[in-house]
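This is upload-v7.cif. It holds mmCIF, C-alpha atoms.
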```
data_protein
loop_
_atom_site.group_PDB
_atom_site.id
_atom_site.type_symbol
_atom_site.label_atom_id
_atom_site.label_comp_id
_atom_site.auth_asym_id
_atom_site.auth_seq_id
_atom_site.Cartn_x
_atom_site.Cartn_y
_atom_site.Cartn_z
ATOM 1 C CA MET Q 1 59.542 170.471 44.553
ATOM 2 C CA ASN Q 2 60.705 168.774 41.425
ATOM 3 C CA GLU Q 3 60.718 164.971 41.945
ATOM 4 C CA LYS Q 4 64.055 164.732 40.158
ATOM 5 C CA THR Q 5 65.616 167.182 42.606
ATOM 6 C CA ALA Q 6 64.181 165.333 45.608
ATOM 7 C CA HIS Q 7 65.574 162.041 44.295
ATOM 8 C CA GLU Q 8 69.000 163.532 43.525
ATOM 9 C CA TYR Q 9 69.124 165.228 46.919
ATOM 10 C CA LYS Q 10 68.273 162.037 48.788
ATOM 11 C CA GLU Q 11 70.833 160.111 46.741
ATOM 12 C CA VAL Q 12 73.601 162.595 47.620
ATOM 13 C CA MET Q 13 72.633 162.590 51.292
ATOM 14 C CA ALA Q 14 72.585 158.776 51.409
ATOM 15 C CA GLY Q 15 76.170 158.783 50.155
ATOM 16 C CA CYS Q 16 77.156 161.368 52.760
ATOM 17 C CA LYS Q 17 75.523 159.355 55.525
ATOM 18 C CA ALA Q 18 77.235 156.136 54.407
ATOM 19 C CA LEU Q 19 80.614 157.882 54.537
ATOM 20 C CA PHE Q 20 79.791 159.424 57.932
ATOM 21 C CA ALA Q 21 78.927 155.941 59.273
ATOM 22 C CA LYS Q 22 82.233 154.520 57.994
ATOM 23 C CA LYS Q 23 84.266 157.402 59.406
ATOM 24 C CA THR Q 24 82.462 157.068 62.738
ATOM 25 C CA HIS Q 25 83.504 153.416 62.757
ATOM 26 C CA ASP Q 26 87.110 154.321 61.886
ATOM 27 C CA TYR Q 27 87.591 157.424 64.066
ATOM 28 C CA GLY Q 28 84.804 157.257 66.600
ATOM 29 C CA THR Q 29 83.449 160.646 67.579
ATOM 30 C CA ALA Q 30 86.765 162.461 67.921
ATOM 31 C CA TRP Q 31 84.918 165.517 66.548
ATOM 32 C CA ARG Q 32 83.113 165.840 69.895
ATOM 33 C CA VAL Q 33 86.211 167.651 71.204
ATOM 34 C CA LEU Q 34 85.725 170.450 68.654
ATOM 35 C CA ARG Q 35 84.046 173.700 69.553
ATOM 36 C CA LEU Q 36 81.676 175.117 66.926
ATOM 37 C CA PRO Q 37 84.185 177.721 65.659
ATOM 38 C CA SER Q 38 86.678 174.898 65.048
ATOM 39 C CA ILE Q 39 84.091 172.998 63.010
ATOM 40 C CA THR Q 40 83.354 176.196 61.081
ATOM 41 C CA ASP Q 41 87.075 176.545 60.338
ATOM 42 C CA GLN Q 42 87.222 172.930 59.135
ATOM 43 C CA ILE Q 43 84.378 173.695 56.708
ATOM 44 C CA PHE Q 44 86.235 176.854 55.664
ATOM 45 C CA ILE Q 45 89.373 174.844 54.835
ATOM 46 C CA LYS Q 46 87.357 172.600 52.531
ATOM 47 C CA ALA Q 47 85.561 175.478 50.794
ATOM 48 C CA GLN Q 48 88.802 177.426 50.407
ATOM 49 C CA ARG Q 49 90.508 174.396 48.799
ATOM 50 C CA ILE Q 50 87.646 174.098 46.309
ATOM 51 C CA ARG Q 51 87.902 177.778 45.414
ATOM 52 C CA SER Q 52 91.679 177.614 45.121
ATOM 53 C CA ILE Q 53 91.463 174.683 42.703
ATOM 54 C CA GLN Q 54 88.717 176.418 40.725
ATOM 55 C CA ASP Q 55 90.857 179.577 40.452
ATOM 56 C CA LYS Q 56 94.104 177.786 39.572
ATOM 57 C CA GLY Q 57 92.518 175.231 37.264
ATOM 58 C CA ILE Q 58 94.811 172.488 38.566
ATOM 59 C CA GLN Q 59 95.267 170.582 41.772
ATOM 60 C CA LYS Q 60 98.330 168.908 43.248
ATOM 61 C CA VAL Q 61 96.590 166.709 45.835
ATOM 62 C CA GLY Q 62 94.542 163.919 44.295
ATOM 63 C CA ASP Q 63 91.468 164.205 46.536
ATOM 64 C CA PRO Q 64 88.597 165.132 44.205
ATOM 65 C CA ILE Q 65 86.651 168.352 44.700
ATOM 66 C CA LYS Q 66 83.452 166.348 45.108
ATOM 67 C CA ASP Q 67 84.913 164.810 48.274
ATOM 68 C CA GLU Q 68 85.367 168.313 49.687
ATOM 69 C CA PHE Q 69 81.687 169.092 49.072
ATOM 70 C CA VAL Q 70 80.784 165.850 50.905
ATOM 71 C CA GLY Q 71 83.063 167.007 53.732
ATOM 72 C CA ILE Q 72 81.308 170.377 53.867
ATOM 73 C CA ILE Q 73 77.958 168.588 54.167
ATOM 74 C CA ASN Q 74 79.102 166.208 56.878
ATOM 75 C CA TYR Q 75 80.915 168.874 58.898
ATOM 76 C CA CYS Q 76 77.823 171.100 58.758
ATOM 77 C CA LEU Q 77 75.787 168.149 60.018
ATOM 78 C CA ILE Q 78 78.414 167.516 62.707
ATOM 79 C CA ALA Q 79 78.048 171.157 63.782
ATOM 80 C CA MET Q 80 74.284 170.772 63.981
ATOM 81 C CA MET Q 81 74.653 167.543 65.994
ATOM 82 C CA GLN Q 82 77.203 169.222 68.258
ATOM 83 C CA MET Q 83 74.612 171.933 68.941
ATOM 84 C CA GLU Q 84 72.063 169.246 69.853
ATOM 85 C CA LEU Q 85 74.618 167.574 72.144
ATOM 86 C CA ALA Q 86 75.670 170.827 73.860
ATOM 87 C CA ASP Q 87 74.413 169.646 77.248
ATOM 88 C CA SER Q 88 76.148 166.261 77.041
ATOM 89 C CA ASP Q 89 79.712 165.579 78.153
ATOM 90 C CA LYS Q 90 79.690 162.163 76.507
ATOM 91 C CA MET Q 91 82.564 161.968 74.046
ATOM 92 C CA ASP Q 92 82.196 158.450 72.672
ATOM 93 C CA LEU Q 93 78.966 157.863 70.806
ATOM 94 C CA ARG Q 94 78.143 154.971 68.551
ATOM 95 C CA PHE Q 95 76.775 155.617 65.081
ATOM 96 C CA GLU Q 96 73.463 154.120 66.231
ATOM 97 C CA GLU Q 97 73.220 156.870 68.856
ATOM 98 C CA LEU Q 98 74.111 159.584 66.343
ATOM 99 C CA GLU Q 99 71.968 158.349 63.482
ATOM 100 C CA PRO Q 100 68.700 159.880 64.784
ATOM 101 C CA LEU Q 101 70.443 163.255 65.248
ATOM 102 C CA TYR Q 102 72.003 163.015 61.771
ATOM 103 C CA ASP Q 103 68.661 162.070 60.207
ATOM 104 C CA LYS Q 104 66.831 164.876 62.049
ATOM 105 C CA ALA Q 105 69.315 167.478 60.816
ATOM 106 C CA VAL Q 106 69.061 166.136 57.251
ATOM 107 C CA ALA Q 107 65.246 166.128 57.368
ATOM 108 C CA GLU Q 108 65.094 169.723 58.674
ATOM 109 C CA THR Q 109 67.571 170.829 56.016
ATOM 110 C CA PHE Q 110 65.629 169.041 53.271
ATOM 111 C CA ASP Q 111 62.422 170.771 54.439
ATOM 112 C CA LEU Q 112 64.201 174.121 54.180
ATOM 113 C CA LEU Q 113 65.363 173.198 50.675
ATOM 114 C CA GLN Q 114 61.834 172.317 49.606
ATOM 115 C CA ASN Q 115 60.527 175.678 50.802
ATOM 116 C CA LYS Q 116 63.337 177.686 49.236
ATOM 117 C CA ASN Q 117 63.256 175.658 46.022
ATOM 118 C CA HIS Q 118 59.534 176.432 45.750
ATOM 119 C CA ASP Q 119 60.147 180.153 46.131
ATOM 120 C CA TYR Q 120 63.274 180.369 43.978
ATOM 121 C CA GLY Q 121 62.155 177.936 41.276
ATOM 122 C CA GLU Q 122 65.327 175.844 41.178
ATOM 123 C CA ALA Q 123 67.443 178.840 40.204
ATOM 124 C CA TRP Q 124 70.496 176.920 41.468
ATOM 125 C CA ARG Q 125 70.373 174.719 38.354
ATOM 126 C CA ASP Q 126 71.399 177.758 36.272
ATOM 127 C CA MET Q 127 74.188 178.816 38.627
ATOM 128 C CA ARG Q 128 77.886 178.106 38.171
ATOM 129 C CA VAL Q 129 79.539 175.765 40.689
ATOM 130 C CA SER Q 130 82.149 178.495 41.246
ATOM 131 C CA SER Q 131 79.385 180.953 42.231
ATOM 132 C CA ILE Q 132 77.886 178.427 44.621
ATOM 133 C CA THR Q 133 81.350 177.927 46.137
ATOM 134 C CA ASP Q 134 81.579 181.693 46.673
ATOM 135 C CA ILE Q 135 78.183 181.682 48.382
ATOM 136 C CA ILE Q 136 79.323 178.866 50.700
ATOM 137 C CA LEU Q 137 82.399 180.938 51.587
ATOM 138 C CA MET Q 138 80.223 184.014 52.197
ATOM 139 C CA LYS Q 139 77.998 181.958 54.522
ATOM 140 C CA LEU Q 140 81.131 180.781 56.363
ATOM 141 C CA PHE Q 141 82.260 184.373 56.898
ATOM 142 C CA ARG Q 142 78.773 185.150 58.217
ATOM 143 C CA VAL Q 143 78.958 182.219 60.650
ATOM 144 C CA LYS Q 144 82.424 183.306 61.802
ATOM 145 C CA GLN Q 145 81.127 186.822 62.465
ATOM 146 C CA ILE Q 146 78.126 185.486 64.396
ATOM 147 C CA GLU Q 147 80.452 183.228 66.408
ATOM 148 C CA ASP Q 148 82.746 186.189 67.113
ATOM 149 C CA ASN Q 149 79.634 188.047 68.361
ATOM 150 C CA GLN Q 150 78.899 185.161 70.768
ATOM 151 C CA GLY Q 151 75.896 184.127 68.685
ATOM 152 C CA LYS Q 152 74.105 187.457 69.036
ATOM 153 C CA THR Q 153 72.460 188.846 65.907
ATOM 154 C CA LEU Q 154 70.345 191.942 65.386
ATOM 155 C CA ALA Q 155 68.552 191.121 62.140
ATOM 156 C CA SER Q 156 70.043 187.887 60.836
ATOM 157 C CA GLU Q 157 69.328 184.216 61.023
ATOM 158 C CA GLY Q 158 71.639 182.257 63.274
ATOM 159 C CA VAL Q 159 74.429 179.820 62.591
ATOM 160 C CA ARG Q 160 72.132 176.790 62.210
ATOM 161 C CA ALA Q 161 70.324 178.309 59.214
ATOM 162 C CA ASN Q 162 73.677 179.138 57.624
ATOM 163 C CA TYR Q 163 74.900 175.556 58.144
ATOM 164 C CA GLN Q 164 71.696 174.354 56.492
ATOM 165 C CA ASP Q 165 72.191 176.688 53.539
ATOM 166 C CA MET Q 166 75.776 175.472 53.126
ATOM 167 C CA ILE Q 167 74.569 171.864 53.137
ATOM 168 C CA ASN Q 168 72.013 172.609 50.454
ATOM 169 C CA TYR Q 169 74.487 174.533 48.303
ATOM 170 C CA ALA Q 170 77.047 171.724 48.594
ATOM 171 C CA VAL Q 171 74.361 169.206 47.584
ATOM 172 C CA PHE Q 172 73.593 171.358 44.535
ATOM 173 C CA CYS Q 173 77.282 171.276 43.573
ATOM 174 C CA LEU Q 174 77.394 167.495 43.886
ATOM 175 C CA ILE Q 175 74.257 167.176 41.755
ATOM 176 C CA LYS Q 176 75.800 169.485 39.149
ATOM 177 C CA HIS Q 177 79.061 167.461 39.202
ATOM 178 C CA LYS Q 178 77.239 164.334 38.036
#
```
The structure in this file should be written as structure tokens.
Amino acid sequence: MNEKTAHEYKEVMAGCKALFAKKTHDYGTAWRVLRLPSITDQIFIKAQRIRSIQDKGIQKVGDPIKDEFVGIINYCLIAMMQMELADSDKMDLRFEELEPLYDKAVAETFDLLQNKNHDYGEAWRDMRVSSITDIILMKLFRVKQIEDNQGKTLASEGVRANYQDMINYAVFCLIKHK
């Protein structure tokens, strides 16, 4: 993988993790109450807002689009952590307890990026942010369908791989926004 891409990726993810740590301090782990489809819908809201702003060319709420991409990343990571915590009823977790799960999900997702980036040759650098947004939305519709099928697939990767793809696409958008 291109060293520049690895550096940019790690820089974006460090910012996402710092925000996640602050929000965990502020809100605790209120997200533990959410079922996976609810987390998927939260990601959908963020992606749909991005697309709506891209289509309209203006926005009326001041929150920048880049913050929505950060939200997509962190909610995808929350979904992956929620999957890891499926057997736990513990609602209140400190950041220090979550950090290893967060880091594991990021590391696995970065490994996937390295493999795909090798095969695709950094094609994402020539893509439009609007196209990447559409791909994130497509992945969300896939996840929703898999969830509606109770996680059963015949020929497709599961929800985790789609969350990882959405993370990587959102990182690409943040890199392109610089």
Applying 10 Å and only C-alpha atoms, which residues near stretch 143-150 of chain Q remain after dropping the ones on its own chain fewer than 2 positions away? List them as a ChimeraX atom specification. /Q:36-38,40-41,44,137-141,152-153,156-163
With the file shown as input, list the residues that the PyMOL selection byres ((chain Q and resi 107) around 12) selects, as an mmCIF file with C-alpha atoms, keeping the file's coordinate frame.
```
data_model
loop_
_atom_site.group_PDB
_atom_site.id
_atom_site.type_symbol
_atom_site.label_atom_id
_atom_site.label_comp_id
_atom_site.auth_asym_id
_atom_site.auth_seq_id
_atom_site.Cartn_x
_atom_site.Cartn_y
_atom_site.Cartn_z
ATOM 1 C CA ALA Q 6 64.181 165.333 45.608
ATOM 2 C CA TYR Q 9 69.124 165.228 46.919
ATOM 3 C CA LYS Q 10 68.273 162.037 48.788
ATOM 4 C CA MET Q 13 72.633 162.590 51.292
ATOM 5 C CA ALA Q 14 72.585 158.776 51.409
ATOM 6 C CA LEU Q 77 75.787 168.149 60.018
ATOM 7 C CA GLU Q 99 71.968 158.349 63.482
ATOM 8 C CA PRO Q 100 68.700 159.880 64.784
ATOM 9 C CA LEU Q 101 70.443 163.255 65.248
ATOM 10 C CA TYR Q 102 72.003 163.015 61.771
ATOM 11 C CA ASP Q 103 68.661 162.070 60.207
ATOM 12 C CA LYS Q 104 66.831 164.876 62.049
ATOM 13 C CA ALA Q 105 69.315 167.478 60.816
ATOM 14 C CA VAL Q 106 69.061 166.136 57.251
ATOM 15 C CA GLU Q 108 65.094 169.723 58.674
ATOM 16 C CA THR Q 109 67.571 170.829 56.016
ATOM 17 C CA PHE Q 110 65.629 169.041 53.271
ATOM 18 C CA ASP Q 111 62.422 170.771 54.439
ATOM 19 C CA LEU Q 112 64.201 174.121 54.180
ATOM 20 C CA LEU Q 113 65.363 173.198 50.675
ATOM 21 C CA GLN Q 114 61.834 172.317 49.606
ATOM 22 C CA GLN Q 164 71.696 174.354 56.492
ATOM 23 C CA ILE Q 167 74.569 171.864 53.137
ATOM 24 C CA ASN Q 168 72.013 172.609 50.454
#
```
Gap from atom CA of Q:Lys46 to atom CA of Q:His177 - Å, one decimal: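 Between atom CA of Q:Lys46 and atom CA of Q:His177 the gap works out to 16.5 Å.
Distances here use only C-alpha atoms; by that measure, the residue among Q:Trp124, Q:Asn117, Q:Glu97, Q:Ile136 closest to Q:Ile175 is Q:Trp124.
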Taking only residues of stretch 129-165 of chain Q that have an atom at most 12 Å from an atom of stretch 62-70 of chain Q, what is each one's shortest atom pair and its distance in Å to one decimal, using all atoms listed in the file, in chain and number order, as CSV?
```
residue,atom,partner,partner_atom,distance
Q:Val129,CA,Q:Phe69,CA,10.9
Q:Ser130,CA,Q:Ile65,CA,11.6
Q:Ile132,CA,Q:Phe69,CA,11.0
Q:Thr133,CA,Q:Phe69,CA,9.3
Q:Ile136,CA,Q:Phe69,CA,10.2
```
Could you tell me which of Q:Lys4, Q:Leu93, Q:Ile72, Q:Gly151 comes closest to Q:Tyr169 if we count all atoms listed in the file?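 Closest candidate: Q:Ile72.
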Between Q:Gln42, Q:Glu3, Q:Lys178, Q:Asp55, which has the minimum distance to Q:Ala79 (counting all atoms listed in the file)?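 Checking each candidate against Q:Ala79, we get Q:Gln42 as the closest.
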Since the input lacks some atoms of stretch 85-109 of chain Q, please model N, CA and C atoms and print them as a PDB file, in the coordinates of the input.
```pdb
ATOM      1  N   LEU Q  85      73.950 168.289  71.052  1.00  0.00           N
ATOM      2  CA  LEU Q  85      74.618 167.574  72.144  1.00  0.00           C
ATOM      3  C   LEU Q  85      75.299 168.526  73.130  1.00  0.00           C
ATOM      4  N   ALA Q  86      74.983 169.805  73.054  1.00  0.00           N
ATOM      5  CA  ALA Q  86      75.670 170.827  73.860  1.00  0.00           C
ATOM      6  C   ALA Q  86      75.614 170.538  75.353  1.00  0.00           C
ATOM      7  N   ASP Q  87      74.552 169.910  75.816  1.00  0.00           N
ATOM      8  CA  ASP Q  87      74.413 169.646  77.248  1.00  0.00           C
ATOM      9  C   ASP Q  87      74.994 168.306  77.670  1.00  0.00           C
ATOM     10  N   SER Q  88      75.592 167.577  76.741  1.00  0.00           N
ATOM     11  CA  SER Q  88      76.148 166.261  77.041  1.00  0.00           C
ATOM     12  C   SER Q  88      77.674 166.312  77.064  1.00  0.00           C
ATOM     13  N   ASP Q  89      78.251 165.681  78.070  1.00  0.00           N
ATOM     14  CA  ASP Q  89      79.712 165.579  78.153  1.00  0.00           C
ATOM     15  C   ASP Q  89      80.219 164.294  77.515  1.00  0.00           C
ATOM     16  N   LYS Q  90      79.312 163.459  77.062  1.00  0.00           N
ATOM     17  CA  LYS Q  90      79.690 162.163  76.507  1.00  0.00           C
ATOM     18  C   LYS Q  90      80.484 162.357  75.218  1.00  0.00           C
ATOM     19  N   MET Q  91      81.687 161.806  75.203  1.00  0.00           N
ATOM     20  CA  MET Q  91      82.564 161.968  74.046  1.00  0.00           C
ATOM     21  C   MET Q  91      82.412 160.820  73.045  1.00  0.00           C
ATOM     22  N   ASP Q  92      82.254 159.625  73.539  1.00  0.00           N
ATOM     23  CA  ASP Q  92      82.196 158.450  72.672  1.00  0.00           C
ATOM     24  C   ASP Q  92      80.751 158.044  72.418  1.00  0.00           C
ATOM     25  N   LEU Q  93      80.322 158.233  71.195  1.00  0.00           N
ATOM     26  CA  LEU Q  93      78.966 157.863  70.806  1.00  0.00           C
ATOM     27  C   LEU Q  93      79.046 156.893  69.628  1.00  0.00           C
ATOM     28  N   ARG Q  94      78.210 155.905  69.667  1.00  0.00           N
ATOM     29  CA  ARG Q  94      78.143 154.971  68.551  1.00  0.00           C
ATOM     30  C   ARG Q  94      77.316 155.592  67.429  1.00  0.00           C
ATOM     31  N   PHE Q  95      77.533 155.111  66.222  1.00  0.00           N
ATOM     32  CA  PHE Q  95      76.775 155.617  65.081  1.00  0.00           C
ATOM     33  C   PHE Q  95      75.275 155.468  65.335  1.00  0.00           C
ATOM     34  N   GLU Q  96      74.883 154.369  65.962  1.00  0.00           N
ATOM     35  CA  GLU Q  96      73.463 154.120  66.231  1.00  0.00           C
ATOM     36  C   GLU Q  96      72.865 155.191  67.145  1.00  0.00           C
ATOM     37  N   GLU Q  97      73.687 155.783  68.002  1.00  0.00           N
ATOM     38  CA  GLU Q  97      73.220 156.870  68.856  1.00  0.00           C
ATOM     39  C   GLU Q  97      73.139 158.192  68.076  1.00  0.00           C
ATOM     40  N   LEU Q  98      74.048 158.352  67.127  1.00  0.00           N
ATOM     41  CA  LEU Q  98      74.111 159.584  66.343  1.00  0.00           C
ATOM     42  C   LEU Q  98      73.123 159.597  65.187  1.00  0.00           C
ATOM     43  N   GLU Q  99      72.796 158.429  64.683  1.00  0.00           N
ATOM     44  CA  GLU Q  99      71.968 158.349  63.482  1.00  0.00           C
ATOM     45  C   GLU Q  99      70.664 159.143  63.583  1.00  0.00           C
ATOM     46  N   PRO Q 100      69.926 159.068  64.705  1.00  0.00           N
ATOM     47  CA  PRO Q 100      68.700 159.880  64.784  1.00  0.00           C
ATOM     48  C   PRO Q 100      68.976 161.385  64.713  1.00  0.00           C
ATOM     49  N   LEU Q 101      70.083 161.836  65.310  1.00  0.00           N
ATOM     50  CA  LEU Q 101      70.443 163.255  65.248  1.00  0.00           C
ATOM     51  C   LEU Q 101      70.831 163.640  63.820  1.00  0.00           C
ATOM     52  N   TYR Q 102      71.587 162.782  63.163  1.00  0.00           N
ATOM     53  CA  TYR Q 102      72.003 163.015  61.771  1.00  0.00           C
ATOM     54  C   TYR Q 102      70.760 163.105  60.888  1.00  0.00           C
ATOM     55  N   ASP Q 103      69.875 162.113  61.033  1.00  0.00           N
ATOM     56  CA  ASP Q 103      68.661 162.070  60.207  1.00  0.00           C
ATOM     57  C   ASP Q 103      67.753 163.272  60.457  1.00  0.00           C
ATOM     58  N   LYS Q 104      67.660 163.706  61.708  1.00  0.00           N
ATOM     59  CA  LYS Q 104      66.831 164.876  62.049  1.00  0.00           C
ATOM     60  C   LYS Q 104      67.382 166.124  61.372  1.00  0.00           C
ATOM     61  N   ALA Q 105      68.695 166.307  61.439  1.00  0.00           N
ATOM     62  CA  ALA Q 105      69.315 167.478  60.816  1.00  0.00           C
ATOM     63  C   ALA Q 105      69.132 167.445  59.300  1.00  0.00           C
ATOM     64  N   VAL Q 106      69.264 166.271  58.697  1.00  0.00           N
ATOM     65  CA  VAL Q 106      69.061 166.136  57.251  1.00  0.00           C
ATOM     66  C   VAL Q 106      67.608 166.445  56.900  1.00  0.00           C
ATOM     67  N   ALA Q 107      66.668 165.908  57.658  1.00  0.00           N
ATOM     68  CA  ALA Q 107      65.246 166.128  57.368  1.00  0.00           C
ATOM     69  C   ALA Q 107      64.882 167.620  57.477  1.00  0.00           C
ATOM     70  N   GLU Q 108      65.371 168.289  58.511  1.00  0.00           N
ATOM     71  CA  GLU Q 108      65.094 169.723  58.674  1.00  0.00           C
ATOM     72  C   GLU Q 108      65.704 170.527  57.526  1.00  0.00           C
ATOM     73  N   THR Q 109      66.884 170.124  57.100  1.00  0.00           N
ATOM     74  CA  THR Q 109      67.571 170.829  56.016  1.00  0.00           C
ATOM     75  C   THR Q 109      66.871 170.576  54.681  1.00  0.00           C
TER      76      THR Q 109
END
```
